[in-house]
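Coordinates from coords-v5.txt are shown below (compact mmCIF, C-alpha atoms).
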```txt
# COMPACT_ATOMS: atom_id res chain seq x y z
CA MET N 21 -15.02 42.42 -44.37
CA LYS N 22 -11.29 42.09 -45.27
CA PHE N 23 -9.98 41.78 -41.69
CA PRO N 24 -11.63 38.41 -40.91
CA LEU N 25 -10.26 37.08 -44.22
CA ARG N 26 -6.67 38.07 -43.30
CA ALA N 27 -7.11 36.53 -39.85
CA SER N 28 -8.39 33.29 -41.28
CA LEU N 29 -5.48 33.12 -43.75
CA ALA N 30 -3.01 33.67 -40.89
CA ALA N 31 -4.66 30.89 -38.93
CA VAL N 32 -4.33 28.57 -41.90
CA ALA N 33 -0.66 29.51 -42.26
CA LEU N 34 -0.04 28.72 -38.60
CA THR N 35 -1.27 25.19 -39.07
CA PHE N 36 1.62 24.67 -41.49
CA VAL N 37 4.40 26.26 -39.45
CA VAL N 38 3.63 24.53 -36.11
CA PRO N 39 5.21 21.06 -36.38
CA ALA N 40 3.14 18.06 -35.40
CA VAL N 41 4.52 15.77 -32.70
CA MET N 42 5.82 12.66 -34.40
CA ALA N 43 4.77 9.52 -32.57
CA ASP N 44 7.13 6.59 -33.09
CA THR N 45 7.15 3.04 -31.78
CA ILE N 46 10.15 2.12 -29.66
CA LYS N 47 10.59 -1.55 -30.57
CA ILE N 48 12.60 -3.64 -28.11
CA ALA N 49 13.63 -7.22 -28.93
CA TYR N 50 13.62 -9.50 -25.90
CA ILE N 51 16.28 -12.26 -26.19
CA ASP N 52 16.00 -14.92 -23.48
CA PRO N 53 15.02 -18.58 -22.97
CA LEU N 54 11.38 -19.19 -23.88
CA SER N 55 11.86 -22.97 -24.15
CA GLY N 56 13.87 -25.50 -22.15
CA ALA N 57 14.75 -25.64 -18.46
CA PHE N 58 14.85 -21.86 -17.96
CA ALA N 59 11.72 -21.03 -19.96
CA PRO N 60 9.51 -20.31 -16.89
CA VAL N 61 11.81 -17.49 -15.79
CA GLY N 62 12.16 -16.20 -19.36
CA GLN N 63 8.41 -16.16 -19.90
CA ASN N 64 7.77 -14.46 -16.56
CA ILE N 65 10.14 -11.61 -17.45
CA LEU N 66 8.67 -11.24 -20.95
CA ASN N 67 5.20 -11.02 -19.41
CA SER N 68 6.54 -8.47 -16.94
CA TYR N 69 7.78 -6.31 -19.80
CA GLN N 70 4.40 -6.60 -21.53
CA LEU N 71 2.53 -5.44 -18.42
CA ILE N 72 4.86 -2.47 -17.86
CA VAL N 73 4.77 -1.49 -21.54
CA ASP N 74 0.96 -1.53 -21.50
CA LYS N 75 1.02 0.72 -18.44
CA ALA N 76 3.65 3.06 -19.92
CA ASN N 77 1.74 3.38 -23.20
CA ALA N 78 -1.59 4.03 -21.47
CA GLU N 79 -0.04 6.65 -19.17
CA LYS N 80 2.17 8.18 -21.91
CA TRP N 81 5.44 7.79 -20.02
CA ALA N 82 7.33 8.58 -23.25
CA GLY N 83 4.87 11.22 -24.43
CA GLU N 84 3.35 10.31 -27.77
CA HIS N 85 5.85 7.51 -28.36
CA LYS N 86 4.76 3.93 -27.74
CA PHE N 87 6.77 0.90 -26.61
CA GLU N 88 6.60 -2.57 -28.10
CA VAL N 89 8.50 -5.57 -26.70
CA VAL N 90 8.76 -8.69 -28.90
CA GLY N 91 10.03 -11.99 -27.53
CA PHE N 92 12.71 -14.07 -29.29
CA ASP N 93 13.67 -17.50 -27.92
CA ASN N 94 17.45 -17.96 -27.59
CA LYS N 95 16.96 -21.43 -26.03
CA GLY N 96 19.52 -20.45 -23.38
CA SER N 97 22.28 -20.73 -25.98
CA THR N 98 24.99 -18.20 -26.76
CA GLN N 99 25.18 -19.22 -30.42
CA GLU N 100 21.40 -19.14 -30.80
CA SER N 101 21.40 -15.65 -29.23
CA LEU N 102 23.85 -14.44 -31.88
CA ASN N 103 21.68 -16.00 -34.60
CA VAL N 104 18.63 -14.26 -33.12
CA LEU N 105 20.54 -10.96 -33.04
CA LYS N 106 21.09 -11.20 -36.81
CA THR N 107 17.36 -11.80 -37.31
CA ILE N 108 16.51 -8.85 -35.07
CA ILE N 109 18.86 -6.56 -36.99
CA ASP N 110 17.26 -7.64 -40.28
CA LYS N 111 13.82 -6.84 -38.82
CA GLY N 112 14.92 -3.31 -37.98
CA PHE N 113 15.03 -3.44 -34.19
CA ARG N 114 17.36 -0.83 -32.65
CA TYR N 115 17.00 -1.86 -29.00
CA ILE N 116 17.53 -5.28 -27.44
CA THR N 117 17.07 -6.57 -23.91
CA GLN N 118 18.51 -9.73 -22.37
CA GLY N 119 19.33 -10.99 -18.91
CA ASN N 120 19.20 -14.73 -18.31
CA GLY N 121 22.84 -15.69 -18.63
CA SER N 122 25.97 -13.54 -18.39
CA GLY N 123 27.76 -15.74 -20.93
CA VAL N 124 25.10 -14.75 -23.45
CA GLY N 125 25.33 -11.14 -22.28
CA LEU N 126 29.08 -10.94 -22.81
CA ALA N 127 28.70 -12.38 -26.32
CA LEU N 128 25.96 -9.87 -27.13
CA ILE N 129 28.10 -6.93 -25.97
CA ASP N 130 30.85 -8.04 -28.34
CA ALA N 131 28.44 -8.58 -31.25
CA VAL N 132 26.66 -5.24 -30.71
CA ASN N 133 30.00 -3.41 -30.52
CA LYS N 134 31.09 -4.91 -33.85
CA HIS N 135 27.74 -4.25 -35.54
CA ASN N 136 27.67 -0.62 -34.43
CA GLU N 137 31.24 -0.02 -35.53
CA ARG N 138 30.52 -1.43 -39.00
CA ASN N 139 27.07 0.09 -39.45
CA PRO N 140 27.02 3.78 -38.49
CA GLY N 141 23.49 5.11 -38.52
CA LYS N 142 22.04 1.69 -37.67
CA GLU N 143 23.32 1.37 -34.08
CA ILE N 144 21.76 -0.95 -31.51
CA VAL N 145 21.52 -0.35 -27.75
CA TYR N 146 21.57 -3.31 -25.32
CA LEU N 147 19.35 -2.87 -22.24
CA ASN N 148 20.47 -5.52 -19.74
CA HIS N 149 17.79 -6.51 -17.23
CA ALA N 150 19.50 -9.38 -15.39
CA ALA N 151 22.96 -10.48 -16.59
CA VAL N 152 25.14 -9.57 -13.61
CA ASP N 153 28.75 -10.62 -14.31
CA PRO N 154 30.81 -7.63 -13.05
CA ASP N 155 33.04 -7.75 -16.16
CA MET N 156 30.15 -6.42 -18.23
CA THR N 157 30.58 -2.98 -16.64
CA ASN N 158 34.31 -3.30 -15.97
CA SER N 159 36.80 -4.77 -18.45
CA LYS N 160 34.06 -5.46 -21.05
CA CYS N 161 32.13 -2.22 -20.57
CA SER N 162 30.54 -0.68 -23.65
CA PHE N 163 28.84 2.61 -24.48
CA TRP N 164 26.07 0.54 -26.09
CA HIS N 165 25.32 -1.53 -22.96
CA PHE N 166 23.30 -0.39 -19.93
CA ARG N 167 22.78 -2.67 -16.91
CA PHE N 168 19.55 -2.27 -14.93
CA ASP N 169 20.34 -4.99 -12.36
CA SER N 170 22.97 -4.68 -9.63
CA ASN N 171 26.01 -6.74 -10.54
CA SER N 172 26.96 -9.85 -8.58
CA ASP N 173 29.72 -8.08 -6.65
CA MET N 174 27.30 -5.39 -5.49
CA LYS N 175 24.88 -8.05 -4.29
CA MET N 176 27.63 -10.04 -2.58
CA GLU N 177 28.86 -6.88 -0.86
CA ALA N 178 25.38 -6.36 0.60
CA LEU N 179 24.84 -10.04 1.40
CA THR N 180 28.16 -10.57 3.19
CA THR N 181 27.75 -7.33 5.16
CA PHE N 182 24.45 -8.73 6.43
CA MET N 183 25.99 -12.17 7.09
CA ALA N 184 28.96 -10.71 8.95
CA ALA N 185 26.66 -9.55 11.74
CA ASP N 186 25.38 -13.10 12.37
CA LYS N 187 27.78 -14.76 14.80
CA ASN N 188 25.98 -18.09 14.35
CA ILE N 189 27.55 -18.44 10.91
CA LYS N 190 30.68 -20.58 11.29
CA LYS N 191 30.95 -22.79 8.21
CA VAL N 192 29.98 -21.79 4.67
CA TYR N 193 29.55 -23.98 1.59
CA ILE N 194 29.50 -22.26 -1.83
CA ILE N 195 27.76 -23.91 -4.78
CA GLY N 196 27.03 -22.45 -8.18
CA GLN N 197 26.65 -22.85 -11.92
CA ASN N 198 29.89 -23.30 -13.84
CA TYR N 199 29.89 -20.25 -16.11
CA SER N 200 31.00 -16.64 -15.81
CA PHE N 201 28.38 -15.53 -13.27
CA GLY N 202 28.73 -18.59 -11.01
CA GLN N 203 32.50 -18.19 -11.04
CA GLN N 204 32.21 -14.52 -10.06
CA VAL N 205 29.89 -15.39 -7.16
CA THR N 206 32.29 -17.91 -5.62
CA ARG N 207 35.24 -15.52 -6.05
CA ALA N 208 33.42 -12.61 -4.40
CA ALA N 209 31.97 -14.73 -1.57
CA LYS N 210 35.42 -15.96 -0.52
CA GLU N 211 37.06 -12.57 -0.93
CA TYR N 212 34.43 -10.54 0.95
CA LEU N 213 33.95 -13.02 3.79
CA ALA N 214 37.73 -13.16 4.31
CA ARG N 215 37.69 -9.38 4.67
CA LYS N 216 34.63 -9.11 6.92
CA ARG N 217 34.61 -12.40 8.87
CA PRO N 218 38.00 -14.15 8.63
CA ASP N 219 36.85 -16.60 11.31
CA ILE N 220 34.28 -18.17 8.96
CA GLN N 221 35.45 -21.44 7.36
CA ILE N 222 34.76 -22.12 3.68
CA VAL N 223 34.09 -25.87 3.91
CA GLY N 224 33.14 -26.48 0.27
CA ASP N 225 33.17 -24.82 -3.13
CA ASP N 226 31.39 -26.58 -6.01
CA LEU N 227 30.62 -25.51 -9.56
CA HIS N 228 28.24 -27.67 -11.61
CA PRO N 229 27.15 -27.62 -15.28
CA ILE N 230 24.41 -25.05 -15.87
CA GLY N 231 20.97 -26.45 -16.67
CA GLN N 232 22.13 -30.08 -16.80
CA VAL N 233 21.92 -31.46 -13.26
CA LYS N 234 18.60 -33.23 -12.68
CA ASP N 235 19.41 -34.59 -9.22
CA PHE N 236 21.33 -32.47 -6.71
CA SER N 237 21.30 -35.12 -3.96
CA PRO N 238 25.03 -35.94 -4.39
CA TYR N 239 25.87 -32.26 -3.91
CA VAL N 240 23.55 -32.01 -0.91
CA ALA N 241 25.20 -35.09 0.61
CA LYS N 242 28.58 -33.33 0.33
CA ILE N 243 27.16 -30.20 1.93
CA LYS N 244 25.69 -32.24 4.79
CA ALA N 245 28.98 -34.10 5.33
CA SER N 246 30.91 -30.81 5.44
CA GLY N 247 29.03 -29.63 8.52
CA ALA N 248 28.12 -26.36 6.81
CA ASP N 249 25.60 -24.21 8.63
CA THR N 250 25.24 -21.82 5.68
CA ILE N 251 25.10 -22.17 1.89
CA ILE N 252 25.78 -19.37 -0.59
CA THR N 253 24.52 -19.91 -4.12
CA GLY N 254 23.98 -17.81 -7.22
CA ASN N 255 21.91 -20.57 -8.82
CA TRP N 256 18.74 -19.51 -10.59
CA GLY N 257 15.77 -21.09 -12.33
CA ALA N 258 15.57 -24.90 -12.35
CA ASP N 259 19.09 -25.21 -10.94
CA LEU N 260 18.06 -23.45 -7.73
CA ALA N 261 14.63 -25.08 -7.47
CA LEU N 262 16.14 -28.58 -7.81
CA LEU N 263 18.97 -27.79 -5.37
CA ILE N 264 16.54 -26.60 -2.70
CA LYS N 265 14.21 -29.54 -3.35
CA SER N 266 17.10 -31.96 -2.78
CA ALA N 267 18.05 -30.11 0.41
CA LYS N 268 14.46 -30.39 1.62
CA ASP N 269 14.32 -34.12 0.80
CA ALA N 270 17.57 -34.69 2.70
CA ASP N 271 16.31 -32.66 5.69
CA LEU N 272 19.32 -30.35 5.40
CA LYS N 273 19.07 -27.73 8.16
CA ALA N 274 21.62 -25.27 6.79
CA ASN N 275 20.50 -21.76 5.84
CA PHE N 276 20.55 -20.69 2.19
CA TYR N 277 21.77 -17.24 1.16
CA THR N 278 20.71 -16.76 -2.45
CA TYR N 279 20.36 -14.28 -5.27
CA TYR N 280 17.31 -15.78 -6.96
CA ALA N 281 15.08 -17.64 -4.51
CA ALA N 282 12.19 -15.35 -5.45
CA THR N 283 12.22 -16.45 -9.10
CA THR N 284 9.77 -18.79 -10.80
CA GLY N 285 9.60 -22.35 -9.46
CA VAL N 286 11.80 -21.86 -6.40
CA PRO N 287 9.06 -20.83 -3.90
CA THR N 288 7.07 -23.98 -4.70
CA ALA N 289 10.20 -26.14 -4.37
CA MET N 290 10.97 -24.64 -0.96
CA GLY N 291 7.52 -24.74 0.53
CA ALA N 292 7.30 -24.76 4.31
CA ALA N 293 10.75 -26.39 4.60
CA GLY N 294 12.32 -23.09 3.55
CA ILE N 295 10.67 -20.99 6.26
CA ASP N 296 13.32 -18.99 8.14
CA HIS N 297 16.04 -20.97 6.30
CA VAL N 298 16.19 -19.18 2.94
CA LYS N 299 17.19 -15.58 2.26
CA TYR N 300 17.82 -13.60 -0.86
CA VAL N 301 19.52 -10.38 -1.90
CA ALA N 302 17.78 -8.45 -4.65
CA TYR N 303 16.89 -4.97 -5.83
CA TRP N 304 13.30 -5.18 -4.56
CA ASN N 305 10.81 -7.09 -2.44
CA ALA N 306 7.05 -6.99 -3.08
CA ASN N 307 6.71 -6.75 0.71
CA ASN N 308 8.82 -3.60 0.83
CA GLU N 309 8.56 -0.83 3.42
CA THR N 310 5.82 1.10 1.56
CA PHE N 311 4.49 -1.73 -0.66
CA SER N 312 5.70 0.27 -3.65
CA GLY N 313 4.52 -1.53 -6.80
CA LYS N 314 1.45 -3.01 -5.08
CA ASP N 315 -0.78 -2.18 -8.06
CA ILE N 316 1.63 -3.86 -10.47
CA VAL N 317 1.94 -6.99 -8.32
CA GLU N 318 -1.84 -7.29 -8.17
CA SER N 319 -2.38 -6.56 -11.88
CA PHE N 320 0.26 -9.12 -12.87
CA LYS N 321 -1.33 -11.78 -10.65
CA THR N 322 -4.74 -11.09 -12.16
CA LYS N 323 -3.56 -11.10 -15.78
CA TYR N 324 -0.91 -13.84 -15.76
CA LYS N 325 -1.71 -15.88 -12.61
CA ASP N 326 1.95 -15.38 -11.72
CA ASP N 327 4.19 -13.26 -9.50
CA TYR N 328 5.85 -10.01 -10.55
CA TYR N 329 9.44 -9.89 -9.28
CA ALA N 330 11.60 -8.54 -12.13
CA ILE N 331 11.40 -4.79 -11.47
CA ALA N 332 14.29 -4.23 -13.87
CA THR N 333 11.51 -4.37 -16.48
CA TYR N 334 9.97 -1.30 -14.83
CA SER N 335 13.37 0.38 -14.49
CA VAL N 336 14.22 -0.14 -18.19
CA ILE N 337 10.95 1.34 -19.45
CA SER N 338 10.99 4.18 -16.89
CA ALA N 339 14.56 5.18 -17.80
CA MET N 340 13.95 4.80 -21.54
CA SER N 341 10.83 6.98 -21.31
CA GLN N 342 12.74 9.75 -19.60
CA ALA N 343 15.72 9.46 -21.96
CA VAL N 344 13.52 9.57 -25.07
CA LYS N 345 11.78 12.72 -23.83
CA GLN N 346 15.11 14.29 -22.94
CA ALA N 347 16.68 13.39 -26.30
CA LYS N 348 13.51 14.41 -28.19
CA THR N 349 14.02 11.40 -30.45
CA ILE N 350 14.05 7.60 -30.35
CA ASP N 351 17.41 7.51 -32.16
CA PRO N 352 19.59 4.98 -30.24
CA VAL N 353 22.75 7.10 -30.22
CA LYS N 354 21.03 10.16 -28.79
CA VAL N 355 18.97 8.08 -26.35
CA ALA N 356 22.15 6.32 -25.16
CA PHE N 357 23.77 9.68 -24.40
CA ALA N 358 20.59 10.71 -22.53
CA LEU N 359 20.68 7.50 -20.46
CA GLU N 360 24.20 8.28 -19.25
CA GLY N 361 24.06 9.68 -15.72
CA LEU N 362 20.25 9.63 -15.78
CA ASN N 363 18.39 9.97 -12.47
CA PHE N 364 15.05 8.19 -12.66
CA LYS N 365 12.40 6.62 -10.46
CA SER N 366 11.80 2.90 -10.14
CA LEU N 367 9.80 0.83 -7.68
CA ASN N 368 12.72 0.78 -5.23
CA GLY N 369 13.17 4.57 -5.17
CA ASP N 370 15.48 6.99 -6.95
CA ASP N 371 18.02 5.21 -9.15
CA VAL N 372 21.00 6.46 -11.16
CA MET N 373 22.49 5.06 -14.36
CA ARG N 374 26.16 5.73 -13.59
CA LYS N 375 27.87 7.46 -16.51
CA LEU N 376 31.27 5.92 -15.77
CA ASP N 377 30.30 2.34 -16.65
CA HIS N 378 26.53 2.24 -17.30
CA GLN N 379 25.93 0.28 -14.08
CA ILE N 380 22.70 1.17 -12.27
CA GLN N 381 23.11 2.41 -8.70
CA GLN N 382 20.09 1.35 -6.64
CA PRO N 383 19.09 0.11 -3.18
CA LEU N 384 19.20 -3.60 -2.36
CA TYR N 385 17.02 -5.74 -0.10
CA ILE N 386 17.75 -8.72 2.12
CA ALA N 387 14.61 -10.80 2.76
CA THR N 388 13.66 -14.09 4.47
CA TRP N 389 11.07 -16.70 3.43
CA VAL N 390 8.24 -16.73 6.00
CA LYS N 391 4.50 -17.23 6.30
CA THR N 392 2.36 -14.31 5.17
CA ASN N 393 0.79 -12.36 8.00
CA GLY N 394 -1.31 -9.68 6.29
CA LYS N 395 0.88 -6.97 7.79
CA ASP N 396 4.50 -6.62 6.69
CA VAL N 397 4.26 -9.81 4.58
CA LYS N 398 1.07 -9.33 2.53
CA PHE N 399 2.10 -10.91 -0.75
CA ASP N 400 2.84 -14.61 -1.05
CA GLN N 401 4.47 -16.36 -3.98
CA GLU N 402 3.11 -19.14 -6.16
CA ASN N 403 0.03 -19.44 -3.93
CA THR N 404 2.09 -21.04 -1.16
CA GLY N 405 0.83 -18.82 1.67
CA MET N 406 4.46 -17.85 2.17
CA GLY N 407 6.38 -14.80 1.06
CA TRP N 408 9.39 -12.60 1.70
CA LYS N 409 9.88 -10.53 4.85
CA THR N 410 12.23 -7.59 4.43
CA ASN N 411 15.15 -7.83 6.85
CA GLN N 412 17.00 -4.79 5.60
CA LYS N 413 16.93 -2.21 2.83
CA ILE N 414 20.49 -1.28 1.94
CA ASP N 415 21.21 2.16 0.47
CA SER N 416 22.79 2.14 -2.97
CA PHE N 417 26.09 3.65 -1.79
CA VAL N 418 26.71 0.73 0.61
CA ALA N 419 26.80 -1.87 -2.17
CA SER N 420 28.34 0.42 -4.81
CA GLN N 421 31.61 -0.81 -6.30
CA PRO N 422 34.47 0.93 -8.10
CA SER N 423 34.82 0.29 -11.83
CA SER N 424 37.78 -0.31 -14.11
CA CYS N 425 35.75 0.71 -17.16
CA GLN N 426 37.60 2.67 -19.85
CA MET N 427 34.65 3.54 -22.05
CA LYS N 428 34.96 4.59 -25.69
CA ARG N 429 32.14 6.88 -26.72
CA PRO N 430 30.99 7.74 -30.27
CA GLY N 431 32.68 10.77 -31.75
```
Rewrite the structure of this file - the entire thing - as structure tokens.
Amino acid sequence: MKFPLRASLAAVALTFVVPAVMADTIKIAYIDPLSGAFAPVGQNILNSYQLIVDKANAEKWAGEHKFEVVGFDNKGSTQESLNVLKTIIDKGFRYITQGNGSGVGLALIDAVNKHNERNPGKEIVYLNHAAVDPDMTNSKCSFWHFRFDSNSDMKMEALTTFMAADKNIKKVYIIGQNYSFGQQVTRAAKEYLARKRPDIQIVGDDLHPIGQVKDFSPYVAKIKASGADTIITGNWGADLALLIKSAKDADLKANFYTYYAATTGVPTAMGAAGIDHVKYVAYWNANNETFSGKDIVESFKTKYKDDYYAIATYSVISAMSQAVKQAKTIDPVKVAFALEGLNFKSLNGDDVMRKLDHQIQQPLYIATWVKTNGKDVKFDQENTGMGWKTNQKIDSFVASQPSSCQMKRPG
């Protein structure tokens, strides 16, 4: 009768020596415009995060850990973003994500660096889903910052390589928003075209105030008068939608090469007038070669009556899930080290978070606005009956750029 008693006591003892898996919530503060001219894009990306987080939690991407993304409205303002950051710190968030505006992004890098230096043990990691100024992973690179979008130079490298093959392009007009990102786009466009197609004329180069122009017809009149057959623009949100609407109203026949024509509001502004005239470079197309992400596109449409296009939201949560499991903790310092050099899967294939500068290395797509056909263009946008046809998928090494980053790491 004694043996079963000893066995039962051993079993009880085991329950105390085997540690339970601690399940923590990985809280991410989302800092982007949720009011004002750029609110539709900001809200779309926040909703995208929510959908991916729900999926990740249900499927246990991070094991027993759960994700939570909470939106904070920065009103598109750098100063407001810094105010929000203070609030977020007070609330105990250790991860932030931002993307709509490189000026904001650069300010956040600086603020996060200072906070982390002054508050060891309370570090914050900045997960960048869309701010693409190259300086953020070059001269301003930071151990605490990870970019999950290809920077503007990478996109321009891909875009101008594609353009260089089109001998019909003779005259190019560049127009953009007058802040760090817009300035980088115009610099790279001129530099890369001069290298690849020195015969192309740059017939105009305009920078306008971001989020303030309500009528782009004067700019379109200048473009028309220049004789440009092609327009390059990094404009996004309302600034791109209004520019394309003015071009449509003026019956401008030039082709647009864009970064953000697939973002909220632009497809409706283009309508049928944009067919075969508007292209974009991006890290994904819903109408990709295998329709990767089809279930997410359809779920997002059902839940939010909107289009899923910001796959950086998927990339962030996918990479974070893997890093948390690898680090065996949600501690930001250890997770940041795990993110360095990480190979992970996103909807565009196998991606790498480059250790050198924390710049994601991923494929890029060039796509053209066309009518849906149920075959290679299944998904439309904004219920227009039109969507994006993939022209080319560009391997990550083609668009990859060198970095001047001299990163300082903890310890």
To one decimal place, how far is CA of Phe417 (chain N) from CA of His297 (chain N) in Å?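 If I compute the distance from CA of Phe417 (chain N) to CA of His297 (chain N), I get 27.8 Å.
Put simply, CA of Asp74 (chain N) is 26.6 Å away from CA of Gly96 (chain N).
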Tell me, as a list in words, which residues lie within 8 Å of Trp389 (chain N), counting all atoms listed in the file; anything in the same chain fewer than 6 positions away does not count. Gly294, Ile295, Asp296, His297, Val298, Lys299, Met406, Gly407, Trp408 and Lys409 of chain N
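Compared by their closest atoms to Tyr212 (chain N), and using only C-alpha atoms, the residues N:Ile109, N:Ile350, N:Ala419, N:Cys425 rank with N:Ala419 nearest.
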Across N:Gln379, N:Ser200, N:Ser237, N:Ser416, the smallest distance to Thr157 (chain N), with only C-alpha atoms counted, is shown by N:Gln379
For Ala261 (chain N), the nearest of the candidates N:Ala274, N:Phe87, N:Leu147, N:Gly231, counting all atoms listed in the file: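 Residue with the minimum atom-to-atom distance to Ala261 (chain N): N:Gly231.
Look at Phe92 (chain N): the protein and nucleic acid residues within 8 Å of it, using all atoms listed in the file and passing over chain neighbours fewer than 6 places away, are Ala49, Tyr50, Ile51, Asp52, Leu54 and Val104 of chain N.
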Please report the interatomic distance between CA of Gly224 (chain N) and CA of Ala208 (chain N) in Å with one decimal.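 Taking CA of Gly224 (chain N) and CA of Ala208 (chain N), their separation equals 14.6 Å.
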Between N:Pro352, N:Gly112, N:Gly369, N:Gly121, which is the closest to Ile331 (chain N) once you count all atoms listed in the file?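 Closest to Ile331 (chain N) of all the choices is N:Gly369.
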Leaving out Gln342 (chain N) and any residue of its chain fewer than 4 positions from it, which residues lie within 12 Å of it when counting all atoms listed in the file, given as a PyMOL selection string? chain N and resi 76+80-83+85+335-338+346-350+355-356+358-366
Contact residues around Asp271 (chain N) with all atoms listed in the file at 12 Å, ignoring same-chain residues under 2 positions, as a list in words: Ser237, Val240, Ala241, Ile243, Lys244, Ile264, Lys265, Ser266, Ala267, Lys268, Asp269, Lys273, Ala274, Asn275, Met290, Ala293, Gly294 and His297 of chain N
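You can rank N:Val192, N:Val124, N:Ile65, N:Leu376 by their closest distance to Ile252 (chain N) using only C-alpha atoms, and at the top of that list sits N:Val192.
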Counting only C-alpha atoms, the option among N:Val390, N:Leu213, N:Ala131, N:Met373 closest to Ser170 (chain N):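 Among the listed residues, N:Met373 lies closest to Ser170 (chain N).
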So which residues fall inside 8 Å of (26.5, -27.7, 5.3) if we count only C-alpha atoms? Mind giving them as a list in words? Lys191, Val192, Tyr193, Val223, Lys242, Ile243, Lys244, Ala245, Ser246, Gly247, Ala248, Asp249, Thr250, Ile251, Leu272, Lys273 and Ala274 of chain N
Within 9 Å of Leu384 (chain N), counting all atoms listed in the file, which residues show up once you throw out same-chain ones fewer than 3 positions away? Write them as a list in words, please. Ser170, Met174, Lys175, Ala178, Val301, Ala302, Tyr303, Trp304, Asn368, Gln412, Lys413, Ile414, Asp415, Ser416 and Ala419 of chain N
